[in-house]
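Participant: Quick one: the structure is below, and I'll ask about it shortly.
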Amino acid sequence: MKLEAVELIRLNVPLKSAFRTSFSSVNVHEVVWAHAITDVGEGWAECGANDRPDYSSEYHTGAMAVMKQFLLPDLFKLGNDLTAESIAPTLFWAKGHRMAKAALETSILDAQLRAANTSLATYLGSTKTRVPSGVSVGIMNSLEELEQFVAGYLAEGYVRIKLKIEPGWDYEPVKMVREKFGDDLLLQVDANTAYTRDDFDLLKRLDEFNLLLIEQPINEEDVLGHAKLADYIETPVCLDESIISADIARDAIELGAAEIINIKPSRVGGYIESKKIHDVSVAAGIPVWCGGMLETGIGRAANLALAAMPGFTLPGDTSASSRYFETDLTEPFVLVDGHIDVPTGPGIGIDPIPEIIERFAVSREWVRA
Ligand code: SMG
Ligand code: MG
């Protein structure tokens, strides 16, 4: 196949309520999409970057700049030799920028699979038709507010609760949720690197709550520190930000730093690398689950296909459209009995709704061969 053009679309999508993590609070989710036009048809993907380099070093304006100046010219140069599988090797010379690369690879993979009439789930070797859905609950202003939100999500049917934590918002909120909602609740926490090696005793106090896991407690570059923590506490240590490739996943597992892995396709450069991380983890007996970056339906559809792979044995942050959005940009994904259906159509299996793109788009720009 051949890449003819890519449209980069920036959208500002309002959130139903502010989402606060240890590093930011957002009311409007700023999104970038890649819309690939090839000789065999079009494809869509969402870039996982935030508007600021707060979750990772990537950010929207930077991701679009590297796509335009370096990544896309190389993909155009491939001419008729372009395949989704050729993208990572072609762009390997460009260090980092995995979220930018993932968006391009996924949009072209979507086009390739649509033309072949194959779903992304089939391409990845996924086996489930629906996946259990967890929900990520932001840092709140009070324990009362947190209790209300958790009660609401459980009433909707979410099968697992993840609490965002940071110093000062950890032991008490986890204790409250455990006490109010019972010992059977699947409960985990995510610190987004907010702690340090000096906080191990504090984190050990969470052992009493029988958590499924603690996600990325300390600096993403301190993989050895996570191994030391994993030795020190009972709660399984799960890595998110640290795992940017299958090689790093292999090393982190061997070091004992990753007892569980959160796979986010955007963070690791796409779905092909995600499958490699899945395979490395399964071979080592490490459970994986699918993370999220507050994706709209375009990103969520592809994440659901990944989450349906056999090694994804823990519920993911693959919540329904209504978790974040009053209006999604695709047909909404709905929670049924705590699960979301995996799309079965060709490619990512879902299309954006043009009028809703128009409503939320702040810029649309074509990059041509
Ligand atoms: O998509 O539901 C979602 C978001 C889940 O908590 C979530 N993501 O570190 O896992 C994580 C965070 C990153 C969010 S960046 C704003
Ligand atoms: Mg995380």
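By order in the structure tokens, chains are A, B, ...; within a chain, residues start at 1; ligands start at 1, following the order shown.
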Apply DSSP to the structure's backbone, then extract all residues of stretch 3-105 of chain A labelled alpha helix (DSSP H) and return them as a list in words.
Facilitator: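 The alpha helix (DSSP H) subset of stretch 3-105 of chain A is His60, Thr61, Gly62, Ala63, Met64, Ala65, Val66, Leu72, Pro73, Asp74, Leu75, Phe76, Lys77, Ala84, Glu85, Ser86, Ile87, Ala88, Pro89, Thr90, Leu91, Arg98, Met99, Ala100, Lys101, Ala102, Ala103, Leu104 and Glu105 of chain A.
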Participant: Name the residues in contact with stretch 84-96 of chain A at a cut-off of 10 Å, using only C-alpha atoms, excluding same-chain residues fewer than 5 positions from it; report them as a list of chain:residue names.
Facilitator: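 The filter keeps A:Met1, A:Ser57, A:Glu58, A:Val66, A:Phe70, A:Leu71, A:Leu72, A:Asp74, A:Leu75, A:Leu78, A:Lys101, A:Ala102, A:Leu104, A:Glu105, A:Thr106, A:Ser107, A:Ile108, A:Leu109, A:Asp110, A:Ala111, A:Gln112, A:Leu113, A:Ile244, A:Arg267, A:Val268, A:Gly269, A:Gly270, A:Ile272, A:Glu273.
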Participant: So how far away is atom CA of A:Trp33 from atom CA of A:Glu4, in Å?
Facilitator: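 These two atoms are separated by 16.6 Å.
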Participant: Please return, as a PyMOL selection string, all residues of stretch 137-288 of chain A that DSSP assigns to strand (DSSP E or B) on the basis of the backbone.
Facilitator: chain A and resi 137+160-164+166+169+186-190+195+214-215+218+237-239+260-263+288
Participant: Please extract the residues at most 12 Å from ligand 2, counting only C-alpha atoms and all ligand atoms, and provide them as a PyMOL selection string, using the chain letters and residue numbers of this document.
Facilitator: chain A and resi 21-23+55-56+135-138+162-165+188-194+213-218+220+237-243+261-264+267+289-294+316-317
Participant: For A:Arg130, which of A:Ala18, A:Val280, A:Val336, A:Ile356 is the closest residue, counting only C-alpha atoms?
Facilitator: A:Val336
Participant: Between A:Ala227, A:Ala100, A:Ala49, A:Ala252, which has the minimum distance to ligand 1 (counting only C-alpha atoms and all ligand atoms)?
Facilitator: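 Checking each candidate against ligand 1, we get A:Ala49 as the closest.
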Participant: Could you name the residues that touch A:Tyr171 at 12 Å or less, counting only C-alpha atoms, but leaving out those on the same chain fewer than 6 positions away, as a VMD selection string?
Facilitator: chain A and resid 143 163 to 165 177 to 178 189 201 to 209 211
Participant: Got a sec: who's within 7 Å of A:Val159, counting only C-alpha atoms, leaving out chain neighbours fewer than 3 positions off, as a PDB file with N, CA, C and O atoms, in the first residue's frame?
Facilitator:
```pdb
ATOM      1  N   PRO A 132     -13.894  -7.285  30.544  1.00  0.00           N
ATOM      2  CA  PRO A 132     -14.335  -6.671  31.798  1.00  0.00           C
ATOM      3  C   PRO A 132     -13.739  -5.273  31.926  1.00  0.00           C
ATOM      4  O   PRO A 132     -12.601  -5.038  31.536  1.00  0.00           O
ATOM      5  N   SER A 133     -14.521  -4.378  32.478  1.00  0.00           N
ATOM      6  CA  SER A 133     -14.118  -2.986  32.475  1.00  0.00           C
ATOM      7  C   SER A 133     -13.897  -2.442  33.879  1.00  0.00           C
ATOM      8  O   SER A 133     -14.773  -2.550  34.746  1.00  0.00           O
ATOM      9  N   GLY A 134     -12.711  -1.861  34.078  1.00  0.00           N
ATOM     10  CA  GLY A 134     -12.428  -1.149  35.313  1.00  0.00           C
ATOM     11  C   GLY A 134     -12.577   0.344  35.082  1.00  0.00           C
ATOM     12  O   GLY A 134     -12.753   0.798  33.956  1.00  0.00           O
ATOM     13  N   LEU A 186     -12.569  -5.462  43.786  1.00  0.00           N
ATOM     14  CA  LEU A 186     -11.261  -5.435  43.130  1.00  0.00           C
ATOM     15  C   LEU A 186     -10.788  -3.982  43.138  1.00  0.00           C
ATOM     16  O   LEU A 186     -11.398  -3.115  42.505  1.00  0.00           O
ATOM     17  N   GLY A 338     -20.921  -4.974  33.329  1.00  0.00           N
ATOM     18  CA  GLY A 338     -19.510  -4.767  33.680  1.00  0.00           C
ATOM     19  C   GLY A 338     -18.527  -5.009  32.547  1.00  0.00           C
ATOM     20  O   GLY A 338     -17.317  -4.964  32.760  1.00  0.00           O
TER      21      GLY A 338
END
```
Participant: Go through A:Ala258, A:Val28, A:Leu120, A:Leu8 and flag the residue nearest ligand 1, using only C-alpha atoms and all ligand atoms for the distances.
Facilitator: A:Val28
